[in-house]
file upload_19.tsv (TSV, C-alpha atoms and all ligand atoms)
chain	number	residue	atom	x	y	z
J	9	MET	CA	-29.66	73.90	-20.62
J	10	LEU	CA	-28.45	73.97	-17.00
J	11	ASN	CA	-26.63	76.86	-15.40
J	12	PRO	CA	-23.67	76.15	-13.10
J	13	LYS	CA	-26.03	75.77	-10.13
J	14	GLY	CA	-28.05	73.13	-11.90
J	15	ASN	CA	-31.11	75.34	-12.54
J	16	ASN	CA	-32.73	75.31	-15.87
J	17	MET	CA	-31.69	78.55	-17.64
J	18	GLU	CA	-34.69	78.61	-19.92
J	19	ASP	CA	-36.95	78.73	-16.85
J	20	GLN	CA	-34.97	81.65	-15.44
J	21	ASN	CA	-35.23	83.51	-18.72
J	22	ARG	CA	-38.94	83.40	-18.33
J	23	LEU	CA	-38.80	85.19	-14.95
J	24	PRO	CA	-39.26	88.91	-15.72
J	25	ASP	CA	-37.19	90.28	-12.83
J	26	SER	CA	-34.54	87.67	-12.50
J	27	ALA	CA	-31.01	89.00	-12.42
J	28	LEU	CA	-30.14	86.03	-14.56
J	29	LYS	CA	-32.60	86.97	-17.26
J	30	VAL	CA	-31.02	87.00	-20.71
J	31	ASN	CA	-32.90	89.08	-23.25
J	32	SER	CA	-33.21	87.33	-26.53
J	33	GLY	CA	-31.43	89.06	-29.37
J	34	ILE	CA	-28.65	90.38	-27.19
J	35	GLU	CA	-25.34	89.00	-28.23
J	36	GLN	CA	-23.68	86.91	-25.58
J	37	PRO	CA	-20.28	88.06	-24.45
J	38	PRO	CA	-17.58	85.59	-25.46
J	39	SER	CA	-17.09	82.94	-22.85
J	40	VAL	CA	-13.34	83.16	-23.38
J	41	ASP	CA	-11.43	86.40	-23.11
J	42	PRO	CA	-10.15	86.99	-26.67
J	43	LYS	CA	-6.82	88.27	-25.36
J	44	ALA	CA	-6.38	85.14	-23.29
J	45	ALA	CA	-7.29	83.02	-26.33
J	46	GLN	CA	-4.70	84.80	-28.44
J	47	HIS	CA	-2.12	84.31	-25.73
J	48	PHE	CA	-3.01	80.63	-25.61
J	49	LEU	CA	-2.67	80.30	-29.38
J	50	ARG	CA	0.67	82.08	-29.31
J	51	LYS	CA	1.85	79.77	-26.57
J	52	ARG	CA	0.71	76.77	-28.57
J	53	LYS	CA	2.79	78.04	-31.46
J	54	SER	CA	5.87	78.40	-29.25
J	55	LEU	CA	8.96	76.42	-30.08
J	56	LEU	CA	9.05	72.72	-29.43
J	57	PRO	CA	12.25	70.87	-28.65
J	58	ALA	CA	14.02	69.85	-31.89
J	59	GLY	CA	13.38	66.17	-31.16
J	60	GLU	CA	9.62	66.71	-31.26
J	61	TYR	CA	9.79	68.32	-34.68
J	62	ILE	CA	11.96	65.47	-35.92
J	63	SER	CA	9.69	62.72	-34.62
J	64	GLY	CA	6.62	64.57	-35.94
J	65	ILE	CA	8.18	64.89	-39.39
J	66	LEU	CA	9.24	61.25	-39.45
J	67	ALA	CA	5.69	60.29	-38.50
J	68	GLY	CA	4.45	62.28	-41.51
J	69	ASN	CA	2.73	64.96	-39.42
J	70	ARG	CA	2.12	67.77	-41.92
J	71	THR	CA	1.40	70.45	-39.32
J	72	ILE	CA	4.74	69.81	-37.65
J	73	LEU	CA	6.41	69.69	-41.06
J	74	SER	CA	4.94	73.10	-41.95
J	75	ARG	CA	6.02	74.57	-38.66
J	76	ALA	CA	9.53	73.25	-39.10
J	77	ILE	CA	9.68	74.77	-42.59
J	78	THR	CA	8.58	78.08	-41.12
J	79	LEU	CA	11.59	77.87	-38.80
J	80	ILE	CA	13.86	77.26	-41.79
J	81	GLU	CA	12.39	80.35	-43.46
J	82	SER	CA	12.62	82.53	-40.37
J	83	GLN	CA	15.25	85.24	-40.05
J	84	ARG	CA	15.50	84.83	-36.26
J	85	ALA	CA	18.74	83.42	-34.88
J	86	ASP	CA	17.00	81.13	-32.33
J	87	HIS	CA	14.80	79.74	-35.12
J	88	ALA	CA	17.82	79.21	-37.38
J	89	LYS	CA	19.54	77.25	-34.63
J	90	ILE	CA	16.68	74.88	-34.00
J	91	ALA	CA	16.05	74.59	-37.77
J	92	GLN	CA	19.60	73.34	-38.23
J	93	GLU	CA	19.08	70.76	-35.47
J	94	ILE	CA	15.91	69.56	-37.18
J	95	ILE	CA	17.64	69.31	-40.56
J	96	THR	CA	20.53	67.37	-39.04
J	97	GLY	CA	18.05	65.00	-37.41
J	98	CYS	CA	16.16	64.48	-40.67
J	99	LEU	CA	19.19	64.13	-42.92
J	100	PRO	CA	19.70	60.39	-42.36
J	101	TYR	CA	16.10	59.81	-43.49
J	102	SER	CA	16.34	61.97	-46.61
J	103	GLY	CA	17.51	61.31	-50.14
J	104	ASN	CA	14.94	58.68	-51.05
J	105	SER	CA	12.73	60.78	-53.28
J	106	MET	CA	12.84	61.66	-56.95
J	107	ARG	CA	13.76	65.32	-57.09
J	108	ILE	CA	12.27	67.00	-60.12
J	109	GLY	CA	12.77	70.59	-61.23
J	110	ILE	CA	10.16	72.26	-63.43
J	111	THR	CA	10.71	75.55	-65.15
J	112	GLY	CA	9.05	77.66	-67.82
J	113	VAL	CA	8.03	81.25	-68.42
J	114	PRO	CA	4.98	82.61	-66.57
J	115	GLY	CA	1.85	81.49	-68.37
J	116	VAL	CA	3.42	78.40	-69.94
J	117	GLY	CA	1.11	76.30	-67.79
J	118	LYS	CA	3.34	75.15	-64.94
J	119	SER	CA	0.74	75.07	-62.21
J	120	SER	CA	-1.95	73.51	-64.42
J	121	PHE	CA	0.53	70.87	-65.47
J	122	ILE	CA	1.78	70.13	-61.94
J	123	GLU	CA	-1.81	69.87	-60.78
J	124	VAL	CA	-2.66	67.21	-63.38
J	125	LEU	CA	0.65	65.38	-63.03
J	126	GLY	CA	0.38	65.52	-59.24
J	127	LYS	CA	-3.17	64.17	-59.20
J	128	CYS	CA	-2.10	61.34	-61.47
J	129	LEU	CA	0.68	60.41	-59.04
J	130	THR	CA	-1.38	60.71	-55.87
J	131	SER	CA	-4.07	58.53	-57.44
J	132	GLN	CA	-1.38	55.87	-57.74
J	133	GLY	CA	-0.75	56.22	-54.00
J	134	LYS	CA	2.40	58.32	-54.33
J	135	LYS	CA	3.05	61.19	-51.94
J	136	ILE	CA	4.23	64.35	-53.61
J	137	ALA	CA	5.54	67.69	-52.42
J	138	VAL	CA	5.61	70.83	-54.52
J	139	LEU	CA	8.05	73.54	-53.50
J	140	ALA	CA	8.92	76.73	-55.31
J	141	ILE	CA	11.86	78.99	-55.82
J	142	ASP	CA	10.89	82.45	-56.80
J	143	PRO	CA	13.35	85.11	-55.71
J	144	SER	CA	11.07	87.75	-57.18
J	145	SER	CA	8.23	86.82	-54.88
J	146	GLU	CA	9.01	89.56	-52.39
J	147	ARG	CA	8.51	92.19	-55.05
J	148	SER	CA	5.62	90.55	-56.84
J	149	LYS	CA	4.02	89.44	-53.57
J	150	GLY	CA	4.39	85.80	-54.43
J	151	SER	CA	3.92	85.38	-58.12
J	152	ILE	CA	4.57	81.68	-57.90
J	153	LEU	CA	2.51	79.30	-55.82
J	154	GLY	CA	1.47	82.26	-53.74
J	155	ASP	CA	-1.96	82.49	-55.26
J	156	LYS	CA	-4.20	80.21	-53.28
J	157	THR	CA	-6.30	79.33	-56.31
J	158	ARG	CA	-3.40	77.67	-58.07
J	159	MET	CA	-3.40	73.88	-57.90
J	160	GLU	CA	-6.70	73.91	-56.10
J	161	GLN	CA	-7.30	70.17	-56.31
J	162	LEU	CA	-3.79	69.25	-55.35
J	163	SER	CA	-3.86	71.59	-52.33
J	164	ASN	CA	-6.77	69.59	-50.95
J	165	ASP	CA	-5.18	66.24	-51.66
J	166	PRO	CA	-4.00	64.47	-48.49
J	167	ASN	CA	-1.11	62.93	-50.44
J	168	ALA	CA	0.17	66.28	-51.69
J	169	PHE	CA	2.02	68.98	-49.83
J	170	ILE	CA	2.37	72.39	-51.45
J	171	ARG	CA	4.63	75.06	-50.13
J	172	PRO	CA	5.12	78.46	-51.78
J	173	SER	CA	8.51	80.05	-52.20
J	174	PRO	CA	10.04	81.62	-49.10
J	175	ALA	CA	9.06	85.26	-49.50
J	176	ALA	CA	12.21	87.06	-48.52
J	177	GLY	CA	15.84	86.86	-49.38
J	178	THR	CA	18.45	86.60	-52.07
J	179	LEU	CA	18.32	83.81	-54.62
J	180	GLY	CA	21.09	82.03	-52.69
J	181	GLY	CA	19.16	82.27	-49.45
J	182	VAL	CA	15.87	81.19	-50.99
J	183	ALA	CA	17.56	78.29	-52.76
J	184	ARG	CA	19.21	77.10	-49.56
J	185	LYS	CA	15.90	77.21	-47.69
J	186	THR	CA	14.17	75.27	-50.45
J	187	ARG	CA	16.91	72.67	-50.41
J	188	GLU	CA	16.60	72.30	-46.64
J	189	THR	CA	12.82	72.10	-46.96
J	190	MET	CA	13.30	69.29	-49.45
J	191	ILE	CA	15.29	67.32	-46.85
J	192	LEU	CA	12.42	67.62	-44.36
J	193	CYS	CA	9.86	66.60	-47.00
J	194	GLU	CA	11.89	63.53	-47.84
J	195	ALA	CA	12.14	62.60	-44.18
J	196	ALA	CA	8.34	63.01	-43.99
J	197	GLY	CA	8.00	60.32	-46.65
J	198	PHE	CA	7.22	62.21	-49.85
J	199	ASN	CA	8.21	60.09	-52.86
J	200	LEU	CA	8.49	62.82	-55.44
J	201	ILE	CA	9.52	66.40	-54.80
J	202	PHE	CA	8.75	68.96	-57.48
J	203	ILE	CA	10.61	72.23	-57.38
J	204	GLU	CA	8.98	74.84	-59.53
J	205	THR	CA	10.67	77.98	-60.73
J	206	VAL	CA	10.04	80.74	-63.22
J	207	GLY	CA	12.24	80.41	-66.27
J	208	VAL	CA	13.28	83.99	-66.52
J	209	GLY	CA	16.47	84.37	-64.54
J	210	GLN	CA	19.12	82.66	-62.50
J	211	SER	CA	16.78	80.60	-60.39
J	212	GLU	CA	16.65	77.68	-62.80
J	213	THR	CA	20.41	77.19	-62.39
J	214	ALA	CA	19.85	76.99	-58.63
J	215	VAL	CA	17.01	74.51	-59.12
J	216	HIS	CA	19.05	72.45	-61.56
J	217	SER	CA	21.74	72.10	-58.93
J	218	MET	CA	19.36	70.56	-56.41
J	219	VAL	CA	17.28	68.17	-58.54
J	220	ASP	CA	17.84	64.85	-60.32
J	221	PHE	CA	15.64	65.55	-63.32
J	222	PHE	CA	15.06	68.89	-64.96
J	223	LEU	CA	11.93	69.49	-67.00
J	224	LEU	CA	11.56	72.51	-69.21
J	225	LEU	CA	8.05	73.52	-70.22
J	226	MET	CA	7.78	75.49	-73.45
J	227	LEU	CA	5.01	77.06	-75.48
J	228	ALA	CA	4.66	76.34	-79.14
J	229	GLY	CA	5.31	79.73	-80.65
J	230	ALA	CA	4.70	80.88	-84.17
J	231	GLY	CA	8.07	80.49	-85.83
J	232	ASP	CA	10.61	81.82	-83.39
J	233	GLU	CA	10.52	78.78	-81.11
J	234	LEU	CA	14.00	79.03	-79.75
J	235	GLN	CA	13.87	82.66	-78.69
J	236	GLY	CA	12.01	82.53	-75.39
J	237	ILE	CA	14.38	80.59	-73.22
J	238	LYS	CA	18.13	80.93	-73.04
J	239	ARG	CA	20.19	78.24	-74.65
J	240	GLY	CA	21.86	77.44	-71.31
J	241	ILE	CA	18.52	76.46	-69.82
J	242	MET	CA	17.71	74.22	-72.75
J	243	GLU	CA	21.04	72.52	-72.28
J	244	MET	CA	20.15	71.70	-68.69
J	245	ALA	CA	16.83	70.07	-69.62
J	246	ASP	CA	16.44	66.30	-69.32
J	247	THR	CA	13.11	66.63	-71.08
J	248	ILE	CA	11.31	69.44	-72.87
J	249	ALA	CA	7.53	69.36	-72.84
J	250	ILE	CA	5.51	71.59	-75.15
J	251	THR	CA	2.42	72.62	-73.20
J	252	LYS	CA	-1.17	73.30	-74.27
J	253	ALA	CA	-1.07	70.73	-77.06
J	254	ASP	CA	-4.82	70.69	-77.51
J	255	GLY	CA	-7.46	71.99	-79.90
J	256	GLY	CA	-6.09	74.08	-82.73
J	257	ASN	CA	-2.69	74.12	-81.08
J	258	ILE	CA	-1.84	70.44	-81.64
J	259	ARG	CA	-0.20	71.02	-84.99
J	260	ASN	CA	1.91	73.89	-83.65
J	261	ALA	CA	2.95	71.74	-80.74
J	262	ASP	CA	4.04	68.92	-83.05
J	263	MET	CA	6.05	71.34	-85.13
J	264	ALA	CA	7.65	72.83	-82.04
J	265	CYS	CA	8.60	69.33	-80.86
J	266	GLN	CA	10.39	68.71	-84.13
J	267	ASP	CA	12.21	72.04	-83.94
J	268	TYR	CA	13.42	71.36	-80.40
J	269	ARG	CA	14.51	67.84	-81.29
J	270	ASN	CA	16.60	69.29	-84.09
J	271	ALA	CA	18.00	71.97	-81.81
J	272	LEU	CA	18.93	69.48	-79.08
J	273	HIS	CA	20.95	67.46	-81.59
J	274	LEU	CA	23.30	70.41	-81.87
J	275	PHE	CA	24.17	70.35	-78.17
J	276	PRO	CA	27.05	68.26	-76.84
J	277	PRO	CA	25.90	64.89	-75.44
J	278	PRO	CA	25.04	65.24	-71.74
J	279	GLU	CA	27.23	63.66	-69.07
J	280	SER	CA	24.32	61.57	-67.85
J	281	GLY	CA	24.31	59.67	-71.14
J	282	TRP	CA	20.58	60.36	-71.29
J	283	LEU	CA	19.43	61.97	-74.50
J	284	PRO	CA	16.84	64.61	-73.61
J	285	LYS	CA	13.35	63.82	-74.83
J	286	VAL	CA	10.92	66.25	-76.42
J	287	MET	CA	7.19	65.70	-76.19
J	288	SER	CA	3.92	67.56	-75.94
J	289	VAL	CA	1.35	67.65	-73.15
J	290	SER	CA	-2.03	69.13	-72.45
J	291	ALA	CA	-3.07	69.71	-68.87
J	292	ARG	CA	-6.52	70.67	-70.08
J	293	GLU	CA	-7.08	67.36	-71.87
J	294	ASN	CA	-4.90	65.34	-69.59
J	295	SER	CA	-2.87	64.07	-72.53
J	296	GLY	CA	0.80	63.22	-72.59
J	297	ILE	CA	0.92	63.08	-68.80
J	298	ASN	CA	1.37	59.30	-68.55
J	299	THR	CA	3.97	59.37	-71.32
J	300	LEU	CA	5.86	62.01	-69.41
J	301	LEU	CA	5.71	60.00	-66.20
J	302	ASP	CA	7.07	57.00	-68.09
J	303	ILE	CA	9.94	59.16	-69.33
J	304	ILE	CA	10.68	60.33	-65.79
J	305	PHE	CA	10.72	56.76	-64.43
J	306	GLU	CA	12.81	55.58	-67.37
J	307	TYR	CA	15.30	58.36	-66.66
J	308	PHE	CA	15.59	57.32	-63.02
J	309	ASP	CA	16.17	53.69	-64.02
J	310	HIS	CA	18.87	54.86	-66.38
J	311	VAL	CA	20.76	57.09	-63.93
J	312	ASN	CA	20.36	54.64	-61.05
J	313	GLU	CA	21.90	51.87	-63.09
J	314	SER	CA	24.70	53.97	-64.48
J	315	GLY	CA	25.56	55.43	-61.06
J	316	PHE	CA	25.07	58.93	-62.45
J	317	LEU	CA	22.36	59.77	-59.92
J	318	GLU	CA	24.67	59.15	-56.98
J	319	LYS	CA	27.46	61.07	-58.66
J	320	ARG	CA	25.20	64.01	-59.45
J	321	ARG	CA	23.96	64.23	-55.88
J	322	MET	CA	27.51	64.09	-54.53
J	323	GLU	CA	28.55	66.89	-56.84
J	324	GLN	CA	25.52	68.89	-55.84
J	325	ALA	CA	26.40	68.46	-52.16
J	326	ARG	CA	29.90	69.76	-52.88
J	327	HIS	CA	28.53	72.65	-54.92
J	328	TRP	CA	26.23	73.69	-52.07
J	329	MET	CA	29.08	73.57	-49.57
J	330	TYR	CA	31.02	76.13	-51.59
J	331	THR	CA	27.93	78.20	-52.28
J	332	THR	CA	27.18	78.30	-48.56
J	333	ILE	CA	30.76	79.32	-47.72
J	334	GLN	CA	30.49	82.24	-50.12
J	335	GLU	CA	27.12	83.29	-48.81
J	336	GLN	CA	28.05	83.06	-45.17
J	337	LEU	CA	31.32	84.95	-45.64
J	338	LEU	CA	29.64	87.70	-47.60
J	339	ASP	CA	26.81	87.91	-45.12
J	340	GLY	CA	29.23	88.13	-42.18
J	341	PHE	CA	31.22	90.81	-44.00
J	342	TYR	CA	28.27	93.06	-44.77
J	343	ARG	CA	26.81	92.63	-41.30
J	344	ASP	CA	30.06	93.63	-39.61
J	345	PRO	CA	29.44	96.92	-37.74
J	346	GLU	CA	32.79	98.45	-38.71
J	347	VAL	CA	32.33	97.51	-42.38
J	348	SER	CA	28.80	98.96	-42.35
J	349	ARG	CA	30.12	102.15	-40.77
J	350	GLN	CA	32.88	102.69	-43.32
J	351	ILE	CA	31.53	101.21	-46.54
J	352	LYS	CA	29.69	104.29	-47.84
J	353	GLU	CA	32.68	106.54	-47.20
J	354	MET	CA	34.95	104.05	-48.94
J	355	GLU	CA	32.56	103.87	-51.87
J	356	LYS	CA	32.71	107.67	-52.18
J	357	ARG	CA	36.51	107.75	-52.11
J	358	VAL	CA	36.69	105.07	-54.80
J	359	MET	CA	34.23	106.97	-56.97
J	360	ASP	CA	36.10	110.25	-56.45
J	361	GLY	CA	39.30	108.58	-57.58
J	362	GLY	CA	40.97	109.06	-54.19
J	363	MET	CA	41.46	105.32	-53.94
J	364	THR	CA	41.45	102.42	-56.36
J	365	SER	CA	38.63	99.89	-56.16
J	366	PHE	CA	41.16	97.31	-55.07
J	367	GLN	CA	42.48	99.50	-52.24
J	368	GLY	CA	38.95	100.25	-51.05
J	369	ALA	CA	38.03	96.58	-50.99
J	370	ILE	CA	41.22	95.52	-49.20
J	371	LYS	CA	40.82	98.26	-46.59
J	372	LEU	CA	37.28	97.07	-45.80
J	373	ILE	CA	38.36	93.43	-45.67
J	374	GLU	CA	41.14	94.41	-43.24
J	375	GLU	CA	38.59	96.16	-41.05
J	376	TYR	CA	36.46	93.01	-41.11
J	377	ARG	CA	39.41	90.81	-40.14
J	378	LYS	CA	40.05	92.93	-37.07
J	379	SER	CA	36.74	91.74	-35.69
J	380	PHE	CA	38.00	88.15	-35.37
B	1	LIG	P1	1.98	79.19	-65.06
B	1	LIG	O1	2.02	80.68	-64.90
B	1	LIG	O2	3.14	78.71	-65.86
B	1	LIG	O3	1.83	78.46	-63.76
B	1	LIG	O4	0.69	78.85	-65.96
B	1	LIG	P2	-0.79	78.43	-65.55
B	1	LIG	O5	-0.86	76.98	-65.20
B	1	LIG	O6	-1.30	79.40	-64.54
B	1	LIG	O7	-1.56	78.59	-66.95
B	1	LIG	C1	-1.57	79.80	-67.65
B	1	LIG	C2	-2.80	79.83	-68.57
B	1	LIG	O8	-2.71	78.78	-69.52
B	1	LIG	C3	-4.10	79.62	-67.83
B	1	LIG	O9	-5.06	80.49	-68.39
B	1	LIG	C4	-4.48	78.19	-68.11
B	1	LIG	O10	-5.86	77.98	-68.12
B	1	LIG	C5	-3.89	77.97	-69.49
B	1	LIG	N1	-3.50	76.56	-69.66
B	1	LIG	C6	-2.76	75.82	-68.81
B	1	LIG	N2	-2.62	74.56	-69.26
B	1	LIG	C7	-3.30	74.50	-70.44
B	1	LIG	C8	-3.54	73.45	-71.40
B	1	LIG	O11	-3.11	72.30	-71.26
B	1	LIG	N3	-4.27	73.78	-72.50
B	1	LIG	C9	-4.74	75.04	-72.70
B	1	LIG	N4	-5.43	75.25	-73.82
B	1	LIG	N5	-4.56	76.03	-71.81
B	1	LIG	C10	-3.85	75.79	-70.70

call {"tool": "encode", "arguments": {"input": "upload_19.tsv", "output": "structure tokens"}}
result
Amino acid sequence: MLNPKGNNMEDQNRLPDSALKVNSGIEQPPSVDPKAAQHFLRKRKSLLPAGEYISGILAGNRTILSRAITLIESQRADHAKIAQEIITGCLPYSGNSMRIGITGVPGVGKSSFIEVLGKCLTSQGKKIAVLAIDPSSERSKGSILGDKTRMEQLSNDPNAFIRPSPAAGTLGGVARKTRETMILCEAAGFNLIFIETVGVGQSETAVHSMVDFFLLLMLAGAGDELQGIKRGIMEMADTIAITKADGGNIRNADMACQDYRNALHLFPPPESGWLPKVMSVSARENSGINTLLDIIFEYFDHVNESGFLEKRRMEQARHWMYTTIQEQLLDGFYRDPEVSRQIKEMEKRVMDGGMTSFQGAIKLIEEYRKSF
């Protein structure tokens, strides 16, 4: 090896008294100042102009896509501004994917199922994105998609893009961010977008209002099949799949299918005109997956032909406009300095009976209006 002067360094190391002698076994100081390197990395991560994010996303650049999603998730005002520019730029290129919601209680087998289904699709050359809505993730430190070991194969698949739930925020906020992320993923050319949620709260209603097809995963229970999931969620399902239909569980799964078919008959016919299907799958044995994919494609043919898909998306867009109005107004109200200053006092007066709840609310709203 040559030193900067062109001398052979190994020769110099052999000279006992050379100032350039490097004792073997002594760790070399880093050739780059670590602080400078960090600064460089930070600079590299600095904001790009919105146009560069948009062109990167349209070119299918996953690093740029991830960075743009991080801006959507950020709480910073400058990030929010540029995120909105990126979304606006991507919007004309969105809407071409199949949007599929998947819900089911923890342990039902969602991630195992998505992994197998996803691999099946990517092996057919499809590009898939998996997003998640989990408003509990802040508390549970990311119970859904947060664990790196979930969907291990799919995470390493160049045709799959997996993004955990945004960690912070209200359900409304998390849902909005996921919806905006979906727009970017569509612009990046993903053909199918899966939105996963835990079937234990309100989040499935939010997911239902942003997808075209809603899949409910259920376990075959002993007897009490219909207890686990609320009736409202079952009514939203376009298909119910009984998971883990393998080994000794096949018979249970078949029985559960029959029970759910009977139960679904009692519901009013859905507006889509599509009668929800019930079937069983096993991620472990890779069975039922192709049948399920056929059902999904059949559904899309049906709603495309009938015009229901377009109608559903239009209604969803309207729904999200009103949801956003409510969120933004509430957010503005609670962030108002005068409201924040007075709200605790007002709460006390209402609780003491010195004021009615109505009077307390109106007084605070009047304070808020003064700020306009
Ligand atoms: P999630 O919490 O809904 O995402 O569920 P997971 O995919 O993490 O699965 C929960 C447990 O069920 C894990 O121990 C899996 O190994 C198991 N599991 C998932 N799919 C199957 C299946 O098809 N058959 C069987 N027998 N077990 C499964």

call {"tool": "atom_distance", "arguments": {"input": "upload_19.tsv", "atom1": "CA of Leu192 (chain J)", "atom2": "CA of Ala76 (chain J)"}}
result
8.2 Å

call {"tool": "atom_distance", "arguments": {"input": "upload_19.tsv", "atom1": "CA of Ser63 (chain J)", "atom2": "CA of Ser82 (chain J)"}}
result
20.8 Å

call {"tool": "residues_around", "arguments": {"input": "upload_19.tsv", "residues": "Ile108 (chain J)", "least_positions_apart": "4", "cutoff": "9 Å", "atoms": "all atoms listed in the file", "output": "MDAnalysis selection string"}}
result
chainID J and resid 200:204 215:216 218:223 304

call {"tool": "write_last_selection", "arguments": {"input": "upload_19.tsv", "atoms": "C-alpha atoms", "output": "PDB file, in the coordinates of the input"}}
result
ATOM      1  CA  LEU J 200       8.490  62.820 -55.440  1.00  0.00           C
ATOM      2  CA  ILE J 201       9.520  66.400 -54.800  1.00  0.00           C
ATOM      3  CA  PHE J 202       8.750  68.960 -57.480  1.00  0.00           C
ATOM      4  CA  ILE J 203      10.610  72.230 -57.380  1.00  0.00           C
ATOM      5  CA  GLU J 204       8.980  74.840 -59.530  1.00  0.00           C
ATOM      6  CA  VAL J 215      17.010  74.510 -59.120  1.00  0.00           C
ATOM      7  CA  HIS J 216      19.050  72.450 -61.560  1.00  0.00           C
ATOM      8  CA  MET J 218      19.360  70.560 -56.410  1.00  0.00           C
ATOM      9  CA  VAL J 219      17.280  68.170 -58.540  1.00  0.00           C
ATOM     10  CA  ASP J 220      17.840  64.850 -60.320  1.00  0.00           C
ATOM     11  CA  PHE J 221      15.640  65.550 -63.320  1.00  0.00           C
ATOM     12  CA  PHE J 222      15.060  68.890 -64.960  1.00  0.00           C
ATOM     13  CA  LEU J 223      11.930  69.490 -67.000  1.00  0.00           C
ATOM     14  CA  ILE J 304      10.680  60.330 -65.790  1.00  0.00           C
TER      15      ILE J 304
END

call {"tool": "axis_aligned_box", "arguments": {"input": "upload_19.tsv", "around": "ligand LIG 1 (chain B)", "padding_each_side": "3 Å", "output": "JSON"}}
result
{"center_x": -1.4, "center_y": 76.5, "center_z": -68.8, "size_x": 15.0, "size_y": 14.4, "size_z": 16.1}

call {"tool": "residues_near_ligand", "arguments": {"input": "upload_19.tsv", "ligand": "ligand LIG 1 (chain B)", "cutoff": "10 Å", "atoms": "all atoms listed in the file", "output": "ChimeraX atom specification"}}
result
/J:110-124,151-153,155,157-159,204-207,225-227,250-258,288-296

call {"tool": "residues_around", "arguments": {"input": "upload_19.tsv", "residues": "Asp86 (chain J)", "least_positions_apart": "6", "cutoff": "12 Å", "atoms": "all atoms listed in the file", "output": "PyMOL selection string"}}
result
chain J and resi 54-58+79-80+92-93

call {"tool": "residues_around", "arguments": {"input": "upload_19.tsv", "residues": "Tyr61 (chain J)", "least_positions_apart": "5", "cutoff": "9 Å", "atoms": "only C-alpha atoms", "output": "PyMOL selection string"}}
result
chain J and resi 56+66+72-73+75-76+94

call {"tool": "write_last_selection", "arguments": {"input": "upload_19.tsv", "atoms": "C-alpha atoms", "output": "CSV table (one decimal), in the coordinates of the input"}}
result
chain,number,residue,atom,x,y,z
J,56,LEU,CA,9.0,72.7,-29.4
J,66,LEU,CA,9.2,61.2,-39.4
J,72,ILE,CA,4.7,69.8,-37.6
J,73,LEU,CA,6.4,69.7,-41.1
J,75,ARG,CA,6.0,74.6,-38.7
J,76,ALA,CA,9.5,73.2,-39.1
J,94,ILE,CA,15.9,69.6,-37.2

call {"tool": "closest_atom_pairs", "arguments": {"input": "upload_19.tsv", "of": "region 238-347 of chain J", "to": "region 360-380 of chain J", "cutoff": "10 Å", "atoms": "all atoms listed in the file", "output": "Markdown table"}}
result
| residue | atom | partner | partner_atom | distance |
| --- | --- | --- | --- | --- |
| J:Gly340 | CA | J:Tyr376 | CA | 8.8 |
| J:Phe341 | CA | J:Tyr376 | CA | 6.4 |
| J:Tyr342 | CA | J:Tyr376 | CA | 9.0 |
| J:Arg343 | CA | J:Tyr376 | CA | 9.7 |
| J:Asp344 | CA | J:Tyr376 | CA | 6.6 |
| J:Pro345 | CA | J:Tyr376 | CA | 8.7 |
| J:Glu346 | CA | J:Glu375 | CA | 6.7 |
| J:Val347 | CA | J:Leu372 | CA | 6.0 |

call {"tool": "atom_distance", "arguments": {"input": "upload_19.tsv", "atom1": "CA of Ile90 (chain J)", "atom2": "CA of Ile65 (chain J)"}}
result
14.2 Å

call {"tool": "closest_atom_pairs", "arguments": {"input": "upload_19.tsv", "of": "region 275-347 of chain J", "to": "region 237-248 of chain J", "cutoff": "10 Å", "atoms": "only C-alpha atoms", "output": "CSV"}}
result
residue,atom,partner,partner_atom,distance
J:Phe275,CA,J:Glu243,CA,7.0
J:Pro276,CA,J:Glu243,CA,8.7
J:Pro277,CA,J:Glu243,CA,9.6
J:Pro278,CA,J:Glu243,CA,8.3
J:Ser280,CA,J:Asp246,CA,9.3
J:Trp282,CA,J:Asp246,CA,7.5
J:Leu283,CA,J:Asp246,CA,7.4
J:Pro284,CA,J:Asp246,CA,4.6
J:Lys285,CA,J:Thr247,CA,4.7
J:Val286,CA,J:Ile248,CA,4.8
J:Met287,CA,J:Ile248,CA,6.5
J:Ser288,CA,J:Ile248,CA,8.2
J:Leu300,CA,J:Thr247,CA,8.8
J:Ile303,CA,J:Thr247,CA,8.3
J:Ile304,CA,J:Thr247,CA,8.6
J:Tyr307,CA,J:Asp246,CA,8.5

call {"tool": "closest_residue", "arguments": {"input": "upload_19.tsv", "among": "J:Asp302, J:Glu313, J:Ser217, J:Arg349", "to": "His327 (chain J)", "atoms": "all atoms listed in the file"}}
result
J:Ser217

call {"tool": "closest_residue", "arguments": {"input": "upload_19.tsv", "among": "J:Gly59, J:Gly197, J:Pro100, J:Gly180", "to": "Ile333 (chain J)", "atoms": "all atoms listed in the file"}}
result
J:Gly180

call {"tool": "residues_around", "arguments": {"input": "upload_19.tsv", "residues": "Asn260 (chain J)", "least_positions_apart": "3", "cutoff": "8 Å", "atoms": "all atoms listed in the file", "output": "ChimeraX atom specification"}}
result
/J:228-230,253,257,263-264
